[in-house]
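Visitor: The file below is upload-v4.txt, compact mmCIF, C-alpha atoms and all ligand atoms:
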```txt
# COMPACT_ATOMS: atom_id res chain seq x y z
CA MET N 22 -3.60 -3.02 20.38
CA THR N 23 -4.51 -6.70 20.78
CA ASP N 24 -2.36 -9.29 22.57
CA GLU N 25 -1.46 -10.66 19.13
CA ARG N 26 0.59 -7.52 18.60
CA LYS N 27 2.65 -7.32 21.75
CA PRO N 28 6.17 -6.37 20.62
CA ASP N 29 9.05 -8.23 22.30
CA HIS N 30 11.37 -5.22 22.16
CA PRO N 31 10.77 -1.48 22.48
CA ILE N 32 9.46 0.16 19.30
CA ASP N 33 7.34 3.15 18.46
CA PRO N 34 3.75 1.86 18.90
CA ILE N 35 2.79 2.89 15.35
CA PHE N 36 4.66 -0.09 13.82
CA ALA N 37 2.39 -2.62 15.51
CA GLU N 38 -0.73 -0.46 15.48
CA ARG N 39 -0.76 -0.16 11.67
CA TRP N 40 -2.85 -2.88 10.13
CA SER N 41 -4.65 -3.76 6.93
CA ALA N 42 -8.30 -3.70 7.90
CA ARG N 43 -10.95 -4.20 5.21
CA SER N 44 -13.96 -2.64 6.91
CA LEU N 45 -14.00 0.98 5.73
CA THR N 46 -16.66 3.60 6.37
CA GLY N 47 -17.27 4.95 2.87
CA GLU N 48 -16.43 8.49 4.05
CA THR N 49 -14.59 11.01 1.90
CA MET N 50 -11.20 12.38 2.95
CA PRO N 51 -9.52 15.75 2.43
CA GLU N 52 -6.81 15.76 -0.20
CA SER N 53 -4.44 17.37 2.32
CA ASP N 54 -4.38 14.08 4.27
CA ILE N 55 -3.40 11.94 1.29
CA LEU N 56 -0.81 14.54 0.31
CA SER N 57 0.76 14.01 3.75
CA MET N 58 0.92 10.28 2.96
CA PHE N 59 2.61 10.97 -0.40
CA GLU N 60 4.95 13.38 1.38
CA ALA N 61 5.99 10.61 3.79
CA ALA N 62 6.49 8.28 0.81
CA ARG N 63 8.56 10.95 -0.90
CA TRP N 64 11.23 10.77 1.81
CA ALA N 65 11.69 7.01 1.61
CA HIS N 66 15.14 5.66 0.83
CA SER N 67 15.87 4.08 -2.55
CA ALA N 68 18.90 2.67 -4.34
CA ALA N 69 21.03 5.56 -5.65
CA ASN N 70 18.14 7.81 -4.57
CA ARG N 71 16.39 6.96 -7.88
CA GLN N 72 12.87 7.21 -6.38
CA PRO N 73 11.32 4.98 -9.06
CA TRP N 74 7.89 4.91 -7.37
CA ARG N 75 4.98 6.61 -9.07
CA PHE N 76 1.40 6.92 -7.80
CA SER N 77 -1.91 7.60 -9.47
CA TYR N 78 -4.93 8.12 -7.25
CA ALA N 79 -8.56 9.11 -7.04
CA LEU N 80 -10.51 10.38 -4.07
CA ARG N 81 -14.10 9.41 -3.35
CA GLY N 82 -16.18 12.13 -4.95
CA ASP N 83 -13.85 12.49 -7.94
CA ALA N 84 -15.52 11.85 -11.29
CA GLY N 85 -13.07 9.00 -11.94
CA PHE N 86 -13.22 7.30 -8.53
CA GLU N 87 -15.26 4.27 -9.63
CA ARG N 88 -12.78 3.68 -12.45
CA TYR N 89 -10.02 3.27 -9.85
CA VAL N 90 -12.18 0.87 -7.83
CA ASP N 91 -12.60 -1.11 -11.06
CA PHE N 92 -8.79 -1.43 -11.30
CA LEU N 93 -9.04 -3.91 -8.37
CA ASP N 94 -9.82 -7.60 -8.71
CA ASP N 95 -13.24 -8.90 -7.66
CA GLY N 96 -12.16 -10.00 -4.17
CA ASN N 97 -10.68 -6.64 -3.29
CA ARG N 98 -13.40 -4.58 -4.97
CA GLU N 99 -15.95 -6.28 -2.70
CA TRP N 100 -14.64 -4.39 0.37
CA ALA N 101 -12.37 -1.66 -1.06
CA HIS N 102 -15.25 0.07 -2.86
CA LYS N 103 -15.83 1.83 0.48
CA ALA N 104 -12.37 3.42 0.45
CA ALA N 105 -11.93 7.17 0.61
CA ALA N 106 -9.05 6.90 -1.87
CA VAL N 107 -7.63 4.29 -4.22
CA VAL N 108 -3.94 4.60 -5.07
CA ILE N 109 -2.16 2.72 -7.85
CA VAL N 110 1.55 2.08 -7.21
CA MET N 111 3.93 1.87 -10.16
CA ALA N 112 7.69 1.55 -10.47
CA ARG N 113 9.87 2.94 -13.24
CA ARG N 114 11.72 0.13 -15.03
CA GLN N 115 14.76 2.03 -16.34
CA THR N 116 16.93 5.03 -15.52
CA ARG N 117 16.59 8.20 -17.59
CA PRO N 118 20.21 9.42 -17.80
CA ALA N 119 20.48 13.18 -18.31
CA ASP N 120 23.85 12.76 -20.06
CA GLY N 121 22.50 10.88 -23.07
CA THR N 122 23.95 7.51 -22.05
CA ALA N 123 21.81 4.43 -22.50
CA PRO N 124 19.07 3.78 -19.92
CA ARG N 125 19.81 0.98 -17.44
CA PRO N 126 17.32 -1.31 -15.68
CA ILE N 127 16.41 -0.30 -12.13
CA GLY N 128 16.71 -3.71 -10.51
CA THR N 129 15.62 -2.46 -7.11
CA ARG N 130 12.43 -0.76 -8.33
CA ALA N 131 9.97 -3.05 -6.54
CA PHE N 132 12.00 -2.89 -3.32
CA ASP N 133 12.21 0.91 -3.56
CA ALA N 134 8.49 1.25 -4.24
CA GLY N 135 7.79 -1.05 -1.27
CA CYS N 136 9.82 1.24 0.98
CA ALA N 137 7.77 4.22 -0.18
CA VAL N 138 4.52 2.32 0.41
CA GLN N 139 5.60 1.47 3.95
CA SER N 140 6.19 5.16 4.66
CA PHE N 141 2.79 5.93 3.12
CA THR N 142 0.96 3.35 5.23
CA LEU N 143 2.68 4.41 8.46
CA GLN N 144 1.83 8.07 7.85
CA ALA N 145 -1.75 6.99 7.14
CA ALA N 146 -1.83 5.14 10.47
CA MET N 147 -0.46 8.20 12.25
CA LEU N 148 -3.35 10.22 10.81
CA GLY N 149 -5.88 7.61 11.94
CA TYR N 150 -6.46 6.02 8.55
CA ILE N 151 -6.27 2.45 7.31
CA ALA N 152 -4.03 2.13 4.24
CA HIS N 153 -4.40 -1.40 2.89
CA PRO N 154 -1.98 -2.52 0.14
CA MET N 155 -3.32 -4.90 -2.51
CA ALA N 156 -1.59 -7.03 -5.12
CA GLY N 157 -5.00 -8.18 -6.33
CA ILE N 158 -5.34 -5.70 -9.17
CA LEU N 159 -6.01 -5.76 -12.91
CA PRO N 160 -2.73 -4.54 -14.49
CA ASP N 161 -3.99 -4.64 -18.08
CA ARG N 162 -7.01 -2.51 -17.19
CA ILE N 163 -4.76 -0.08 -15.28
CA ARG N 164 -2.36 0.21 -18.22
CA ALA N 165 -5.19 0.85 -20.63
CA GLY N 166 -7.06 3.21 -18.29
CA LEU N 167 -4.09 5.33 -17.25
CA GLY N 168 -1.97 5.01 -20.38
CA VAL N 169 0.97 3.29 -18.65
CA ALA N 170 3.44 1.73 -21.10
CA GLU N 171 4.70 -1.73 -20.16
CA GLU N 172 8.26 -0.89 -21.23
CA ASP N 173 8.34 2.12 -18.88
CA TYR N 174 6.59 1.08 -15.66
CA ASP N 175 5.67 -2.01 -13.69
CA ILE N 176 2.26 -1.93 -12.04
CA GLU N 177 3.12 -3.04 -8.51
CA ALA N 178 0.05 -2.77 -6.30
CA ALA N 179 -2.84 -0.62 -5.18
CA ILE N 180 -3.65 0.90 -1.77
CA ALA N 181 -7.13 1.41 -0.34
CA VAL N 182 -7.22 4.29 2.14
CA GLY N 183 -10.10 5.00 4.49
CA ARG N 184 -11.44 5.25 8.02
CA LEU N 185 -12.05 2.06 9.96
CA ALA N 186 -15.67 0.89 10.21
CA PRO N 187 -17.11 -1.75 12.56
CA ARG N 188 -16.32 -5.33 11.51
CA ASP N 189 -20.04 -6.15 11.12
CA GLU N 190 -20.28 -3.79 8.15
CA LEU N 191 -18.06 -6.09 6.07
CA PRO N 192 -19.51 -8.75 3.79
CA GLU N 193 -19.81 -11.90 5.91
CA ARG N 194 -16.95 -13.84 4.32
CA PHE N 195 -14.36 -11.22 5.37
CA ARG N 196 -15.43 -10.85 9.01
CA GLU N 197 -13.46 -13.76 10.51
CA ARG N 198 -10.16 -12.41 9.12
CA GLU N 199 -10.82 -8.83 10.26
CA LYS N 200 -8.28 -8.70 13.07
CA LYS N 201 -4.68 -7.75 13.67
CA SER N 202 -2.47 -10.62 12.56
CA PRO N 203 0.49 -11.97 14.53
CA ARG N 204 4.11 -12.09 13.36
CA LEU N 205 6.97 -14.56 13.32
CA PRO N 206 9.34 -14.11 16.24
CA ILE N 207 12.60 -12.31 15.45
CA SER N 208 14.42 -15.58 16.21
CA GLU N 209 13.00 -16.91 12.91
CA THR N 210 13.92 -13.92 10.78
CA ALA N 211 17.13 -12.32 12.12
CA PHE N 212 20.34 -14.26 12.79
CA ARG N 213 23.36 -12.83 14.53
CA GLY N 214 26.64 -13.85 12.86
CA GLY N 215 25.16 -16.43 10.48
CA PHE N 216 22.00 -17.64 8.81
CA LYS N 217 19.45 -20.41 9.35
CA GLY N 218 17.45 -20.92 6.17
C1 LIG V 1 2.41 -6.44 -1.54
C2 LIG V 1 1.15 -6.71 -0.75
C3 LIG V 1 0.05 -7.22 -1.41
C4 LIG V 1 -1.15 -7.43 -0.71
N1 LIG V 1 -2.27 -7.82 -1.40
C5 LIG V 1 -3.46 -7.87 -0.75
C6 LIG V 1 -4.66 -8.09 -1.48
O1 LIG V 1 -4.69 -8.21 -2.71
N2 LIG V 1 -5.82 -8.14 -0.78
C7 LIG V 1 -5.87 -7.99 0.58
O2 LIG V 1 -6.97 -8.01 1.15
N3 LIG V 1 -4.74 -7.75 1.30
C8 LIG V 1 -3.54 -7.68 0.66
N4 LIG V 1 -2.40 -7.38 1.36
C9 LIG V 1 -2.46 -7.17 2.82
C10 LIG V 1 -1.75 -8.31 3.58
O3 LIG V 1 -2.54 -9.47 3.56
C11 LIG V 1 -1.43 -7.83 5.01
O4 LIG V 1 -0.54 -6.74 4.93
C12 LIG V 1 -0.81 -8.94 5.84
O5 LIG V 1 -1.72 -9.99 6.03
C13 LIG V 1 -0.33 -8.42 7.19
O6 LIG V 1 -1.37 -7.82 7.87
P1 LIG V 1 -1.35 -6.32 8.37
O7 LIG V 1 -1.05 -5.43 7.19
O8 LIG V 1 -2.74 -6.10 8.93
O9 LIG V 1 -0.28 -6.17 9.39
C14 LIG V 1 -1.20 -7.18 0.70
C15 LIG V 1 -0.07 -6.67 1.35
C16 LIG V 1 1.09 -6.43 0.64
C17 LIG V 1 2.29 -5.85 1.36
```
Would it be possible to restate this file's structure as structure tokens?

Guide:
Amino acid sequence: MTDERKPDHPIDPIFAERWSARSLTGETMPESDILSMFEAARWAHSAANRQPWRFSYALRGDAGFERYVDFLDDGNREWAHKAAAVVIVMARRQTRPADGTAPRPIGTRAFDAGCAVQSFTLQAAMLGYIAHPMAGILPDRIRAGLGVAEEDYDIEAAIAVGRLAPRDELPERFREREKKSPRLPISETAFRGGFKG
């Protein structure tokens, strides 16, 4: 861990060790590893336990892998094409009541999906992988490619998963940013007994 990531209070080291590197090796990965990441995501908390997250993924070596890389915008494709897996994260927009009552919007769907992604990325870190979330995606292409109806699901993000490669293997313009970023101090984000906006 770098000095930039020295926690001020005791935590499990994995929270600060996880980071969103871009330099990936281009290796393949066993499906069992990504299934462990989905398993961790599965146990995330969600409002009313609705679990609105959905994932669609391809592993390097799958016939459709390049199609998933092409779901990313140009800036992300430039480095994420070396991922071992590309995961698309979606969130269900409405409930599906079993009792025949009218569906209701799931207002917490993005929050819930974010919780699941955090579990996914931490499990990835525990297994020695980088799992890098990306909002820079092409939602229209994803909808068309995967057959995802706009009225049913939001397209939230993608995740590039892979093994860390040396920084020098990145295209030049990404190298400067390839380091663990710092964080705001807790004094700027958590307020006991009140709030400072
Ligand atoms: C919702 C979300 C969207 C993001 N989108 C991108 C992206 O499109 N491209 C990218 O390179 N990184 C993206 N990131 C990674 C963030 O820049 C990164 O998580 C942040 O700078 C903190 O760094 P760390 O993950 O290394 O701790 C995204 C992260 C999140 C959570």

Visitor: Go through N:Ser44, N:Thr122, N:Ser202, N:Asn70 one by one, measure the shortest atom-to-atom distance of each to ligand LIG 1 (chain V) using all atoms listed in the file, and give the residue with the smallest value.

Guide: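 Using all atoms listed in the file, the shortest distance to ligand LIG 1 (chain V) belongs to N:Ser202.
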
Visitor: As a quick test: using all atoms listed in the file, which residues lie no more than 6 Å away from ligand LIG 1 (chain V)? Give them as an MDAnalysis selection string.

Guide: chainID N and resid 40:41 97 154:157 201:202

Visitor: Excluding Gln139 in chain N and any residue of its chain fewer than 4 positions from it, enumerate the residues within 8 Å of it, using only C-alpha atoms, and give them as a list in words.

Guide: Ala62, Gly135 and Leu143 of chain N

Visitor: Atoms to include: C-alpha atoms. Write the selected residues as a JSON list (two decimals), in the coordinates of the input.

Guide:
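The result, stored in out-v2.json:
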```
[["chain", "number", "residue", "atom", "x", "y", "z"],
["N", 62, "ALA", "CA", 6.49, 8.28, 0.81],
["N", 135, "GLY", "CA", 7.79, -1.05, -1.27],
["N", 143, "LEU", "CA", 2.68, 4.41, 8.46]]
```

Visitor: Of the candidates N:Asp54, N:Asp91, N:Glu48, N:Asp173, which shows the shortest atom-to-atom distance to Trp74 in chain N, using all atoms listed in the file?

Guide: N:Asp173

Visitor: Excluding Leu185 in chain N and its own-chain neighbours fewer than 5 positions away, which residues fall within 10 Å of it when counting all atoms listed in the file? Please give them as an mmCIF file with C-alpha atoms, in the coordinates of the input.

Guide:
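The new file selection-v2.cif reads:
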```cif
data_model
loop_
_atom_site.group_PDB
_atom_site.id
_atom_site.type_symbol
_atom_site.label_atom_id
_atom_site.label_comp_id
_atom_site.auth_asym_id
_atom_site.auth_seq_id
_atom_site.Cartn_x
_atom_site.Cartn_y
_atom_site.Cartn_z
ATOM 1 C CA SER N 41 -4.650 -3.760 6.930
ATOM 2 C CA ALA N 42 -8.300 -3.700 7.900
ATOM 3 C CA ARG N 43 -10.950 -4.200 5.210
ATOM 4 C CA SER N 44 -13.960 -2.640 6.910
ATOM 5 C CA LEU N 45 -14.000 0.980 5.730
ATOM 6 C CA THR N 46 -16.660 3.600 6.370
ATOM 7 C CA GLY N 47 -17.270 4.950 2.870
ATOM 8 C CA GLU N 48 -16.430 8.490 4.050
ATOM 9 C CA ALA N 104 -12.370 3.420 0.450
ATOM 10 C CA GLY N 149 -5.880 7.610 11.940
ATOM 11 C CA TYR N 150 -6.460 6.020 8.550
ATOM 12 C CA ILE N 151 -6.270 2.450 7.310
ATOM 13 C CA ALA N 152 -4.030 2.130 4.240
#
```

Visitor: Rounded to one decimal, what separation in Å do you get between CA of Glu99 in chain N and CA of Pro192 in chain N?

Guide: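 Spanning CA of Glu99 in chain N to CA of Pro192 in chain N is a straight-line distance of 7.8 Å.
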
Visitor: Is it possible to get the residues within 10 Å of (-0.8, -4.5, -14.3) (coordinates as in the file, counting all atoms listed in the file) written as a PyMOL selection string?

Guide: chain N and resi 92+109-111+156-165+169+171+174-178

Visitor: Suppose you want the space between CA of Lys217 in chain N and CA of Leu205 in chain N; what is it in Å?

Guide: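 Taking CA of Lys217 in chain N and CA of Leu205 in chain N, their separation equals 14.3 Å.
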
Visitor: Give the answer as one residue: which of N:Ile35, N:Ala68, N:Ala146, N:Ala179 has the shortest atom-to-atom distance to Phe132 in chain N, using all atoms listed in the file?

Guide: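 For Phe132 in chain N, the nearest of the candidates is N:Ala68.
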
Visitor: Could you tell me how far CA of Arg26 in chain N sits from CA of Glu209 in chain N, in Å to one decimal place?

Guide: 16.6 Å

Visitor: Pick out the closest residue to His102 in chain N from this set: N:Thr49, N:Ser140, N:Ser57, N:Gln72. Count all atoms listed in the file.

Guide: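 Ranking N:Thr49, N:Ser140, N:Ser57, N:Gln72 by distance to His102 in chain N, first place goes to N:Thr49.
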